[in-house]
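Pasted below: structure_33.cif, mmCIF, C-alpha atoms and all ligand atoms.
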```cif
data_query
#
loop_
_atom_site.label_atom_id
_atom_site.label_comp_id
_atom_site.auth_asym_id
_atom_site.auth_seq_id
_atom_site.Cartn_x
_atom_site.Cartn_y
_atom_site.Cartn_z
CA MET A 1 104.64 97.33 123.74
CA SER A 2 107.08 98.02 126.53
CA ASP A 3 107.82 94.99 128.64
CA ALA A 4 110.28 95.98 131.37
CA LEU A 5 109.63 96.39 135.10
CA LEU A 6 111.84 98.75 137.09
CA VAL A 7 112.30 98.00 140.78
CA LEU A 8 113.62 100.83 142.98
CA ASN A 9 115.03 100.42 146.48
CA THR A 10 115.83 103.92 147.65
CA GLY A 11 117.85 104.86 150.73
CA SER A 12 119.06 108.22 151.99
CA SER A 13 122.34 108.15 150.06
CA SER A 14 121.81 105.48 147.42
CA ILE A 15 119.34 103.95 144.99
CA LYS A 16 119.57 100.27 144.18
CA PHE A 17 117.58 99.32 141.09
CA GLN A 18 116.89 96.34 138.87
CA VAL A 19 115.13 95.91 135.58
CA PHE A 20 113.16 92.73 134.87
CA ARG A 21 112.06 91.75 131.39
CA LEU A 22 108.47 90.51 131.30
CA HIS A 23 108.08 87.27 129.33
CA ASP A 24 104.86 85.29 128.96
CA ASP A 25 106.01 82.67 131.43
CA ARG A 26 108.71 84.37 133.55
CA LEU A 27 110.45 87.51 134.77
CA GLU A 28 114.02 87.70 133.56
CA ARG A 29 116.54 89.89 135.35
CA GLN A 30 118.06 92.21 132.77
CA LEU A 31 119.93 95.01 134.56
CA LYS A 32 121.17 95.72 138.08
CA GLY A 33 122.27 99.19 139.10
CA LEU A 34 123.50 101.25 142.00
CA LEU A 35 123.60 105.01 142.24
CA ASP A 36 125.42 105.87 145.45
CA GLY A 37 127.09 108.88 147.04
CA ILE A 38 124.04 111.15 146.63
CA ARG A 39 125.03 114.72 147.68
CA VAL A 40 128.67 113.70 148.28
CA HIS A 41 130.21 111.94 145.32
CA PRO A 42 127.41 110.54 143.16
CA HIS A 43 128.38 107.54 141.10
CA LEU A 44 126.29 105.29 138.88
CA GLN A 45 127.03 101.74 137.89
CA VAL A 46 124.81 99.44 135.82
CA LYS A 47 125.54 95.79 135.08
CA ASP A 48 123.74 93.30 132.89
CA ALA A 49 122.44 89.94 134.10
CA ALA A 50 125.81 88.28 133.44
CA GLY A 51 127.60 90.88 135.58
CA ALA A 52 129.19 92.79 132.68
CA VAL A 53 129.47 96.52 133.38
CA ARG A 54 127.35 98.57 130.97
CA VAL A 55 127.58 101.98 132.65
CA ASP A 56 130.13 103.21 135.18
CA ARG A 57 130.39 106.94 135.68
CA ASP A 58 130.74 109.75 138.19
CA LEU A 59 127.80 112.13 138.05
CA GLY A 60 129.61 115.34 138.98
CA ASP A 61 127.71 117.66 141.30
CA HIS A 62 124.25 117.33 139.77
CA VAL A 63 122.74 114.95 142.30
CA ASP A 64 121.77 116.84 145.44
CA ASP A 65 118.79 114.77 146.46
CA VAL A 66 116.99 111.50 145.87
CA GLY A 67 114.64 113.03 143.26
CA ALA A 68 117.60 114.20 141.16
CA ALA A 69 119.15 110.74 141.52
CA VAL A 70 115.99 109.12 140.13
CA GLU A 71 116.14 111.48 137.13
CA GLN A 72 119.66 110.19 136.43
CA VAL A 73 118.52 106.57 136.67
CA LEU A 74 115.64 107.23 134.26
CA ASP A 75 118.00 108.98 131.80
CA VAL A 76 120.31 105.99 131.75
CA LEU A 77 117.45 103.50 131.39
CA GLU A 78 116.04 105.44 128.45
CA ASP A 79 119.36 104.80 126.67
CA GLU A 80 119.69 101.20 127.82
CA LEU A 81 116.09 100.17 127.11
CA ALA A 82 115.80 101.64 123.65
CA ASP A 83 113.17 99.06 122.64
CA GLY A 84 110.12 100.60 124.23
CA GLY A 85 111.03 101.51 127.79
CA LEU A 86 109.25 100.71 131.02
CA ALA A 87 105.86 99.11 131.62
CA ALA A 88 105.78 99.81 135.37
CA VAL A 89 107.84 100.75 138.43
CA GLY A 90 107.78 98.96 141.80
CA HIS A 91 109.05 100.81 144.88
CA ARG A 92 110.24 99.37 148.15
CA ILE A 93 108.41 101.35 150.84
CA VAL A 94 109.72 100.99 154.36
CA HIS A 95 106.50 101.64 156.26
CA GLY A 96 102.97 100.53 155.47
CA GLY A 97 101.63 101.17 158.99
CA GLN A 98 98.42 99.42 159.95
CA HIS A 99 96.61 100.58 156.85
CA PHE A 100 98.47 98.78 154.02
CA THR A 101 97.98 95.02 154.05
CA GLY A 102 99.30 94.25 150.55
CA PRO A 103 101.09 95.90 147.64
CA ALA A 104 99.21 98.91 146.29
CA ARG A 105 99.00 100.65 142.91
CA ILE A 106 100.03 104.23 143.51
CA ASP A 107 97.41 106.90 142.95
CA LYS A 108 96.75 110.11 144.85
CA GLU A 109 95.07 108.25 147.70
CA THR A 110 97.86 105.67 148.08
CA LEU A 111 100.47 108.41 148.03
CA ALA A 112 98.58 110.33 150.72
CA GLY A 113 98.48 107.12 152.80
CA ILE A 114 102.25 106.66 152.44
CA GLU A 115 102.86 110.33 153.28
CA ALA A 116 100.68 110.07 156.39
CA LEU A 117 103.21 107.53 157.74
CA VAL A 118 106.18 109.92 157.54
CA PRO A 119 105.93 110.74 161.28
CA LEU A 120 106.37 107.01 162.06
CA ALA A 121 109.53 106.74 159.90
CA PRO A 122 110.83 110.27 159.41
CA LEU A 123 114.29 109.12 158.33
CA HIS A 124 113.26 106.53 155.77
CA GLN A 125 109.76 107.18 154.44
CA PRO A 126 110.61 110.49 152.66
CA ASN A 127 113.24 108.64 150.61
CA SER A 128 110.49 106.37 149.31
CA ILE A 129 108.18 109.27 148.44
CA ALA A 130 110.62 111.44 146.45
CA PRO A 131 111.12 108.89 143.63
CA ILE A 132 107.36 108.36 143.31
CA ARG A 133 106.78 112.09 142.89
CA THR A 134 109.65 112.46 140.44
CA ILE A 135 108.30 109.66 138.24
CA MET A 136 104.71 110.97 138.48
CA LYS A 137 105.92 114.30 137.11
CA ARG A 138 108.22 112.95 134.42
CA ARG A 139 106.15 109.95 133.28
CA PRO A 140 102.58 110.64 134.46
CA GLY A 141 101.09 107.60 132.71
CA LEU A 142 103.60 105.06 134.00
CA PRO A 143 101.99 102.69 136.54
CA GLN A 144 103.76 102.70 139.92
CA VAL A 145 103.35 100.22 142.76
CA ALA A 146 104.21 100.41 146.46
CA SER A 147 105.65 97.22 147.98
CA PHE A 148 105.87 97.43 151.76
CA ASP A 149 108.46 96.04 154.16
CA THR A 150 105.89 95.85 156.96
CA VAL A 151 103.08 93.96 155.18
CA PHE A 152 104.36 90.43 155.76
CA HIS A 153 104.13 91.01 159.53
CA HIS A 154 100.54 92.22 159.39
CA GLY A 155 98.04 90.33 161.50
CA HIS A 156 100.28 89.43 164.47
CA ASP A 157 98.58 88.68 167.74
CA GLU A 158 98.04 91.77 169.92
CA LEU A 159 100.23 90.14 172.57
CA VAL A 160 103.12 90.35 170.10
CA ASP A 161 102.58 93.79 168.62
CA ARG A 162 101.61 95.88 171.65
CA PHE A 163 104.05 97.75 173.86
CA ALA A 164 103.08 97.90 177.53
CA ILE A 165 102.39 101.63 177.27
CA PRO A 166 99.17 103.62 177.76
CA ALA A 167 96.43 102.74 175.27
CA GLU A 168 96.24 106.29 173.88
CA LEU A 169 99.85 106.00 172.72
CA ASP A 170 99.06 102.68 171.04
CA GLU A 171 96.17 104.40 169.29
CA GLN A 172 98.67 106.92 167.86
CA GLY A 173 100.37 103.98 166.16
CA ILE A 174 103.18 103.45 168.68
CA ARG A 175 103.39 99.65 168.40
CA ARG A 176 105.52 96.99 166.80
CA TYR A 177 105.43 96.75 162.99
CA GLY A 178 108.56 94.81 162.02
CA PHE A 179 110.62 95.22 158.84
CA HIS A 180 112.58 93.12 156.29
CA GLY A 181 109.15 91.77 155.32
CA LEU A 182 109.97 91.49 151.61
CA SER A 183 112.96 89.32 152.45
CA TYR A 184 110.91 87.09 154.78
CA ALA A 185 108.09 86.77 152.24
CA PHE A 186 110.64 85.64 149.66
CA ILE A 187 112.22 83.12 152.05
CA ALA A 188 108.83 81.71 153.06
CA GLU A 189 108.09 81.11 149.39
CA ARG A 190 111.54 79.60 148.62
CA LEU A 191 111.23 77.34 151.64
CA ARG A 192 108.12 75.77 150.10
CA ALA A 193 110.28 74.84 147.09
CA VAL A 194 113.53 73.76 148.82
CA ALA A 195 112.15 72.16 152.00
CA PRO A 196 108.42 71.57 151.56
CA ASP A 197 108.15 69.41 154.68
CA LEU A 198 109.65 72.20 156.80
CA ALA A 199 107.74 75.09 155.20
CA GLY A 200 104.56 74.33 157.13
CA LYS A 201 106.32 74.00 160.48
CA ARG A 202 108.04 76.35 163.00
CA VAL A 203 111.00 78.15 161.45
CA VAL A 204 113.15 81.09 162.55
CA VAL A 205 114.60 83.11 159.68
CA ALA A 206 117.68 85.25 160.39
CA HIS A 207 118.07 88.15 157.97
CA LEU A 208 121.62 89.23 158.79
CA GLY A 209 122.77 92.10 156.58
CA SER A 210 123.78 95.63 157.50
CA GLY A 211 120.36 95.67 159.14
CA ALA A 212 119.52 92.47 161.01
CA SER A 213 116.38 90.88 162.38
CA LEU A 214 114.76 87.50 163.00
CA CYS A 215 111.29 86.35 162.00
CA ALA A 216 109.28 83.46 163.42
CA LEU A 217 107.49 81.70 160.56
CA GLN A 218 104.71 79.33 161.42
CA GLY A 219 103.07 77.61 158.46
CA GLY A 220 104.78 80.18 156.23
CA ARG A 221 103.29 83.21 158.03
CA SER A 222 105.06 85.74 160.24
CA ILE A 223 104.11 85.21 163.88
CA GLU A 224 106.64 87.57 165.50
CA THR A 225 109.75 89.49 164.52
CA THR A 226 112.54 91.19 166.45
CA MET A 227 112.31 94.66 164.90
CA GLY A 228 109.58 96.80 166.37
CA PHE A 229 108.32 100.36 166.02
CA THR A 230 111.50 101.27 164.15
CA ALA A 231 114.37 99.35 162.60
CA LEU A 232 116.42 99.97 165.76
CA ASP A 233 114.96 97.21 167.94
CA GLY A 234 115.97 93.58 168.34
CA LEU A 235 119.39 92.37 167.22
CA PRO A 236 122.54 94.48 167.23
CA MET A 237 123.40 95.41 163.62
CA GLY A 238 126.29 96.94 161.70
CA THR A 239 125.85 100.36 163.29
CA ARG A 240 122.57 100.08 165.31
CA PRO A 241 122.40 98.77 168.88
CA GLY A 242 119.28 96.62 168.73
CA ARG A 243 117.46 96.14 172.04
CA LEU A 244 118.40 98.97 174.39
CA ASP A 245 117.02 100.01 177.75
CA PRO A 246 114.87 103.09 176.95
CA GLY A 247 116.41 104.60 180.06
CA VAL A 248 119.66 105.05 178.12
CA PRO A 249 118.38 107.64 175.62
CA LEU A 250 116.37 109.20 178.45
CA TYR A 251 119.54 109.56 180.52
CA LEU A 252 121.43 111.04 177.56
CA MET A 253 118.62 113.58 177.00
CA GLN A 254 118.90 114.58 180.62
CA GLN A 255 122.62 115.07 179.93
CA GLY A 256 121.72 117.54 177.17
CA TRP A 257 121.72 115.32 174.07
CA ASP A 258 119.15 116.49 171.51
CA ALA A 259 117.18 114.24 169.13
CA GLY A 260 119.63 114.77 166.25
CA ARG A 261 122.62 113.68 168.28
CA LEU A 262 120.76 110.66 169.63
CA GLU A 263 119.64 109.69 166.15
CA GLN A 264 123.19 109.90 164.81
CA MET A 265 124.46 107.71 167.66
CA LEU A 266 121.65 105.12 167.48
CA TYR A 267 121.68 104.68 163.70
CA HIS A 268 125.36 105.15 162.86
CA GLU A 269 127.71 104.62 165.80
CA CYS A 270 126.47 101.51 167.62
CA GLY A 271 126.23 97.79 166.86
CA LEU A 272 129.29 95.92 165.57
CA LEU A 273 131.04 99.24 164.93
CA GLY A 274 130.38 100.62 168.41
CA LEU A 275 131.25 97.35 170.15
CA SER A 276 134.50 96.80 168.27
CA GLY A 277 135.64 100.33 167.57
CA ILE A 278 136.99 98.78 164.35
CA SER A 279 134.34 98.29 161.68
CA ASN A 280 130.70 97.44 161.01
CA ASP A 281 131.78 94.77 158.51
CA VAL A 282 131.98 91.17 159.70
CA ARG A 283 134.89 90.49 157.33
CA ASP A 284 137.03 93.20 158.97
CA LEU A 285 136.17 91.96 162.47
CA LYS A 286 137.08 88.42 161.53
CA LYS A 287 140.47 89.51 160.15
CA SER A 288 141.34 91.83 163.04
CA ALA A 289 143.86 90.77 165.68
CA ASP A 290 142.17 93.18 168.12
CA PRO A 291 140.13 91.11 170.66
CA ARG A 292 137.31 93.66 170.44
CA GLY A 293 136.61 92.30 166.94
CA GLN A 294 135.89 88.81 168.27
CA PHE A 295 133.98 90.30 171.21
CA ALA A 296 131.62 92.09 168.79
CA LEU A 297 131.09 88.86 166.81
CA ASP A 298 130.39 86.88 169.99
CA TYR A 299 127.95 89.55 171.17
CA PHE A 300 126.14 89.39 167.79
CA ALA A 301 125.87 85.58 167.91
CA HIS A 302 124.80 85.63 171.59
CA ARG A 303 121.93 88.02 170.84
CA ILE A 304 120.83 86.03 167.77
CA ALA A 305 120.70 82.88 169.91
CA GLN A 306 118.80 84.65 172.71
CA GLU A 307 116.18 86.13 170.39
CA THR A 308 115.79 82.76 168.62
CA ALA A 309 114.85 81.20 171.95
CA MET A 310 112.33 84.01 172.48
CA LEU A 311 110.72 83.35 169.09
CA ALA A 312 110.72 79.59 169.74
CA THR A 313 108.71 80.34 172.88
CA THR A 314 106.11 82.22 170.84
CA MET A 315 105.87 79.28 168.40
CA GLY A 316 105.93 76.62 171.13
CA GLY A 317 109.06 75.06 169.60
CA ILE A 318 111.34 75.25 166.60
CA ASP A 319 111.85 72.82 163.70
CA GLY A 320 114.00 74.81 161.29
CA PHE A 321 116.31 77.78 160.97
CA VAL A 322 117.26 79.80 157.87
CA PHE A 323 120.26 82.09 157.47
CA THR A 324 119.97 84.81 154.82
CA ALA A 325 121.34 88.22 153.62
CA GLY A 326 125.01 89.28 153.36
CA ILE A 327 126.26 87.85 156.67
CA GLY A 328 123.82 84.94 156.91
CA GLU A 329 124.61 83.73 153.39
CA ARG A 330 128.39 84.16 153.53
CA SER A 331 129.75 83.98 157.08
CA ALA A 332 130.37 80.36 158.13
CA SER A 333 131.90 81.58 161.40
CA VAL A 334 128.83 83.59 162.42
CA ARG A 335 126.61 80.60 161.61
CA ALA A 336 128.83 78.26 163.64
CA ASN A 337 128.91 80.72 166.54
CA VAL A 338 125.10 80.94 166.62
CA ALA A 339 124.69 77.15 166.33
CA ARG A 340 127.05 76.53 169.26
CA ARG A 341 124.86 78.72 171.45
CA LEU A 342 121.71 76.89 170.32
CA ALA A 343 123.11 73.37 170.78
CA TRP A 344 120.88 73.02 173.86
CA LEU A 345 117.84 73.43 171.57
CA GLY A 346 119.16 70.69 169.28
CA MET A 347 120.97 72.71 166.60
CA LYS A 348 124.08 71.06 165.17
CA LEU A 349 125.91 72.03 161.98
CA ASP A 350 127.85 69.89 159.53
CA PRO A 351 131.19 71.77 159.58
CA ASP A 352 132.07 71.00 155.94
CA ALA A 353 128.65 71.94 154.61
CA ASN A 354 128.74 75.12 156.70
CA GLN A 355 132.21 76.05 155.46
CA ALA A 356 131.02 75.56 151.87
CA ASP A 357 127.94 77.85 152.34
CA ALA A 358 125.84 74.79 151.31
CA ALA A 359 122.06 75.05 151.00
CA LEU A 360 121.60 72.66 153.96
CA VAL A 361 124.23 73.18 156.68
CA SER A 362 122.81 71.14 159.57
CA ALA A 363 124.24 67.74 160.52
CA PRO A 364 122.06 64.68 159.79
CA ASP A 365 121.40 64.23 163.54
CA SER A 366 120.52 67.89 164.16
CA ARG A 367 117.03 68.25 165.65
CA ILE A 368 116.71 71.61 163.85
CA ALA A 369 117.18 71.68 160.05
CA VAL A 370 119.40 74.64 159.18
CA HIS A 371 119.25 76.11 155.67
CA VAL A 372 121.12 78.90 153.90
CA ILE A 373 118.83 80.62 151.39
CA PRO A 374 119.93 83.69 149.42
CA THR A 375 117.26 86.36 149.72
CA ASP A 376 115.92 88.38 146.78
CA GLU A 377 113.87 91.37 147.86
CA GLU A 378 113.87 92.83 144.34
CA ALA A 379 112.21 89.69 142.94
CA MET A 380 109.53 90.06 145.60
CA ILE A 381 108.94 93.73 144.67
CA ALA A 382 108.70 92.76 140.99
CA ARG A 383 106.10 90.11 141.81
CA ASP A 384 104.21 92.53 144.10
CA THR A 385 104.17 94.94 141.16
CA LEU A 386 102.54 92.32 138.91
CA ALA A 387 100.00 91.51 141.62
CA ALA A 388 99.00 95.12 142.25
CA LEU A 389 98.57 95.72 138.50
CA ASP A 390 96.43 92.56 138.13
CA LEU A 391 98.97 91.01 135.76
CA PRO A 392 99.45 87.24 135.76
CA GLN A 393 102.09 86.06 138.26
CA ARG A 394 105.42 84.80 136.87
CA ALA A 395 108.45 83.14 138.41
CA VAL A 396 111.75 85.02 138.39
CA ALA A 397 114.21 83.22 136.10
P1 LIG A 401 122.27 95.40 153.00
O1 LIG A 401 121.47 95.29 154.23
O2 LIG A 401 123.06 96.66 152.90
O3 LIG A 401 121.55 95.00 151.72
P2 LIG A 401 123.73 92.89 152.78
O4 LIG A 401 122.63 91.94 152.98
O5 LIG A 401 124.40 92.94 151.44
O6 LIG A 401 123.40 94.35 153.26
O7 LIG A 401 124.84 92.58 153.90
C1 LIG A 401 125.93 93.42 154.06
C2 LIG A 401 126.85 92.84 155.12
O8 LIG A 401 127.21 91.51 154.76
C3 LIG A 401 128.17 93.59 155.23
O9 LIG A 401 128.09 94.57 156.20
C4 LIG A 401 129.15 92.51 155.64
O10 LIG A 401 129.36 92.57 157.05
C5 LIG A 401 128.48 91.21 155.33
N1 LIG A 401 129.22 90.37 154.40
C6 LIG A 401 129.28 90.45 153.07
N2 LIG A 401 130.08 89.49 152.56
C7 LIG A 401 130.56 88.78 153.60
C8 LIG A 401 131.43 87.66 153.76
N3 LIG A 401 131.99 87.06 152.71
N4 LIG A 401 131.66 87.21 155.02
C9 LIG A 401 131.10 87.79 156.06
N5 LIG A 401 130.27 88.85 155.99
C10 LIG A 401 130.00 89.34 154.78
#
```
Could you spell out this file's structure in structure tokens?
Amino acid sequence: MSDALLVLNTGSSSIKFQVFRLHDDRLERQLKGLLDGIRVHPHLQVKDAAGAVRVDRDLGDHVDDVGAAVEQVLDVLEDELADGGLAAVGHRIVHGGQHFTGPARIDKETLAGIEALVPLAPLHQPNSIAPIRTIMKRRPGLPQVASFDTVFHHGHDELVDRFAIPAELDEQGIRRYGFHGLSYAFIAERLRAVAPDLAGKRVVVAHLGSGASLCALQGGRSIETTMGFTALDGLPMGTRPGRLDPGVPLYLMQQGWDAGRLEQMLYHECGLLGLSGISNDVRDLKKSADPRGQFALDYFAHRIAQETAMLATTMGGIDGFVFTAGIGERSASVRANVARRLAWLGMKLDPDANQADAALVSAPDSRIAVHVIPTDEEAMIARDTLAALDLPQRAVA
């Protein structure tokens, strides 16, 4: 009997994937892979759990779209998992709209529901659908599960999720959904293990990766988040602006910009890259002697602090703060910069613990406990996959 779960996280130019081995009492990470450069210079690398490279190859010019990329991943896994193959596949799906309130086993109806949301996420949702269709065709009997980035934010108060626009536009689905939900669900669960006394209180989680957002957790549930209708809102990110006066794109349209040009600018040319003119990577900005690098980092920290205060208002206070994802887990200087700006709220770091990327980085006399918790969206998708297939839940080892 096959006993491996494949987790797919598909973007427009890359597929990240992991294979988990299903044991009676746990899920064990077996393989991690990345196929990137779809259409341009496709390359596939697969490592085992210890980090040893098992496959590392250019794929020539055979990978013109996401579907073809999935075929390549399945080919490689058939070689690597010679002992029976896959039991199920879990997909990260960007948008679950208002309809999906939990992970869902994929059948015709689920797929139609996911496809109906393409207009709300035209850039991202099609990348989630192509792999599902490819696998349905190639392995029709293989169970597939949709794990949504929006679900964790479901059930927010109307005050939080509405835009102040005419009701008929709201009825078309133009409202706040929020993203990074798999990461926040994972952190909420980890928090119960690492800081049980804090887990039931008021916590802001900062997911700071190439995309960035904050989530207000109250009693472990999402109360509000900074991303909205799309993943453009809220914090500035690597190449996205975050909060922006809607009059700006309107003005640019009046200047003759079309939707394609606006989209390119808003998704790829703004944020840390646009502010600095140097790079979207925090490490490059930190190293640069150009003052625009530090300006971009200060801007980032300033906006994180501002939005934290906004979320604290929604929760009526704040007891804890969690940094996660690439920047949150590894940049002591970004964490210190944010904490300085939130000193008035009672946030104070222990400089040595912060420098060491320790699990608890706040000083003993800080009013706000500050944790660093590595996120694991793939583990969450694997567990969603078990849940949707009615299999017993297991911890990820
Ligand atoms: P993604 O959203 O693509 O999954 P990650 O969560 O891996 O991204 O975060 C990627 C970002 O993390 C990079 O853009 C980089 O700025 C930042 N990063 C990675 N390592 C470090 C580091 N050691 N110090 C500061 N920033 C880092």
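Neighbours of ligand LIG 401 (chain A) at a cut-off of 7 Å, computed so that all atoms listed in the file are counted, are the residues Leu208, Gly209, Ser210, Gly211, Gly238, Asn280, Asp281, Val282, Arg283, Ala325, Gly326, Ile327, Arg330 and Ser331 of chain A.
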* To do: Could you please determine the separation between atom CA of Val94 of chain A and atom CA of Pro374 of chain A in Å, to one decimal place?
  => 20.7 Å
* Which residues come within 9 Å of Gln45 of chain A, counting all atoms listed in the file, excluding same-chain residues fewer than 6 positions away, as a list in words? -> Lys32, Gly33, Leu34, Leu35, Asp36, Val53, Arg54, Val55, Asp56, Arg57 and Asp58 of chain A
Write out as a Markdown table the residues of segment 226-339 of chain A that have any atom within 9 Å of an atom of segment 353-371 of chain A, one row each with the nearest atom pair and its distance in Å to one decimal, counting all atoms listed in the file, sorted by chain and then rising number.
```
| residue | atom | partner | partner_atom | distance |
| --- | --- | --- | --- | --- |
| A:Ile318 | CA | A:Ile368 | CA | 7.0 |
| A:Asp319 | CA | A:Ile368 | CA | 5.0 |
| A:Gly320 | CA | A:Ala369 | CA | 4.6 |
| A:Phe321 | CA | A:Val370 | CA | 4.8 |
| A:Val322 | CA | A:His371 | CA | 4.7 |
| A:Phe323 | CA | A:His371 | CA | 6.3 |
| A:Thr324 | CA | A:His371 | CA | 8.8 |
| A:Glu329 | CA | A:Asp357 | CA | 6.8 |
| A:Arg330 | CA | A:Asp357 | CA | 6.4 |
| A:Ser331 | CA | A:Asp357 | CA | 8.0 |
| A:Ala332 | CA | A:Gln355 | CA | 5.4 |
| A:Ser333 | CA | A:Gln355 | CA | 8.1 |
| A:Arg335 | CA | A:Asn354 | CA | 7.7 |
| A:Ala336 | CA | A:Asn354 | CA | 7.6 |
```
Written selection (C-alpha atoms) as a CSV table (one decimal), keeping the file's coordinate frame:
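Saved as selection_5.csv:
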```csv
chain,number,residue,atom,x,y,z
A,318,ILE,CA,111.3,75.2,166.6
A,319,ASP,CA,111.8,72.8,163.7
A,320,GLY,CA,114.0,74.8,161.3
A,321,PHE,CA,116.3,77.8,161.0
A,322,VAL,CA,117.3,79.8,157.9
A,323,PHE,CA,120.3,82.1,157.5
A,324,THR,CA,120.0,84.8,154.8
A,329,GLU,CA,124.6,83.7,153.4
A,330,ARG,CA,128.4,84.2,153.5
A,331,SER,CA,129.8,84.0,157.1
A,332,ALA,CA,130.4,80.4,158.1
A,333,SER,CA,131.9,81.6,161.4
A,335,ARG,CA,126.6,80.6,161.6
A,336,ALA,CA,128.8,78.3,163.6
```
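In this model, the gap between atom CA of Phe100 of chain A and atom CA of Gly141 of chain A comes to 23.2 Å.
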Using all atoms listed in the file, which protein or nucleic acid residues come within 12 Å of Pro196 of chain A? Drop anything in the same chain fewer than 5 positions from it, and give the result as a PDB file with C-alpha atoms, in the coordinates of the input.
```pdb
ATOM      1  CA  ALA A 188     108.830  81.710 153.060  1.00  0.00           C
ATOM      2  CA  GLU A 189     108.090  81.110 149.390  1.00  0.00           C
ATOM      3  CA  ARG A 190     111.540  79.600 148.620  1.00  0.00           C
ATOM      4  CA  LEU A 191     111.230  77.340 151.640  1.00  0.00           C
ATOM      5  CA  LYS A 201     106.320  74.000 160.480  1.00  0.00           C
ATOM      6  CA  GLY A 219     103.070  77.610 158.460  1.00  0.00           C
ATOM      7  CA  GLY A 220     104.780  80.180 156.230  1.00  0.00           C
ATOM      8  CA  GLY A 320     114.000  74.810 161.290  1.00  0.00           C
TER       9      GLY A 320
END
```
* To do: Just give me the gap between atom CA of Ala206 of chain A and atom CA of Phe179 of chain A in Å, one decimal is fine.
  =>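 That distance, rounded to one decimal, is 12.3 Å.
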* To do: Go through A:Gly60, A:Gly85, A:Pro122, A:Pro103 one by one, measure the shortest atom-to-atom distance of each to Ala146 of chain A using all atoms listed in the file, and give the residue with the smallest value.
  => A:Pro103
Can you put N, CA and C atoms back into segment 373-384 of chain A and show it as an mmCIF file, in the frame of the given file?
```cif
data_model
loop_
_atom_site.group_PDB
_atom_site.id
_atom_site.type_symbol
_atom_site.label_atom_id
_atom_site.label_comp_id
_atom_site.auth_asym_id
_atom_site.auth_seq_id
_atom_site.Cartn_x
_atom_site.Cartn_y
_atom_site.Cartn_z
ATOM 1 N N ILE A 373 119.617 80.276 152.586
ATOM 2 C CA ILE A 373 118.830 80.620 151.390
ATOM 3 C C ILE A 373 119.115 82.072 151.017
ATOM 4 N N PRO A 374 119.694 82.297 149.843
ATOM 5 C CA PRO A 374 119.930 83.690 149.420
ATOM 6 C C PRO A 374 118.596 84.427 149.261
ATOM 7 N N THR A 375 118.516 85.614 149.821
ATOM 8 C CA THR A 375 117.260 86.360 149.720
ATOM 9 C C THR A 375 117.248 87.162 148.425
ATOM 10 N N ASP A 376 116.063 87.623 148.031
ATOM 11 C CA ASP A 376 115.920 88.380 146.780
ATOM 12 C C ASP A 376 114.729 89.320 146.918
ATOM 13 N N GLU A 377 114.978 90.435 147.612
ATOM 14 C CA GLU A 377 113.870 91.370 147.860
ATOM 15 C C GLU A 377 113.366 91.988 146.557
ATOM 16 N N GLU A 378 114.277 92.187 145.604
ATOM 17 C CA GLU A 378 113.870 92.830 144.340
ATOM 18 C C GLU A 378 112.895 91.933 143.569
ATOM 19 N N ALA A 379 113.140 90.604 143.613
ATOM 20 C CA ALA A 379 112.210 89.690 142.940
ATOM 21 C C ALA A 379 110.826 89.799 143.561
ATOM 22 N N MET A 380 110.815 89.953 144.889
ATOM 23 C CA MET A 380 109.530 90.060 145.600
ATOM 24 C C MET A 380 108.802 91.352 145.206
ATOM 25 N N ILE A 381 109.557 92.446 145.073
ATOM 26 C CA ILE A 381 108.940 93.730 144.670
ATOM 27 C C ILE A 381 108.391 93.607 143.245
ATOM 28 N N ALA A 382 109.168 92.928 142.381
ATOM 29 C CA ALA A 382 108.700 92.760 140.990
ATOM 30 C C ALA A 382 107.391 91.969 140.980
ATOM 31 N N ARG A 383 107.319 90.934 141.805
ATOM 32 C CA ARG A 383 106.100 90.110 141.810
ATOM 33 C C ARG A 383 104.937 90.856 142.472
ATOM 34 N N ASP A 384 105.248 91.661 143.511
ATOM 35 C CA ASP A 384 104.210 92.530 144.100
ATOM 36 C C ASP A 384 103.664 93.488 143.045
#
```
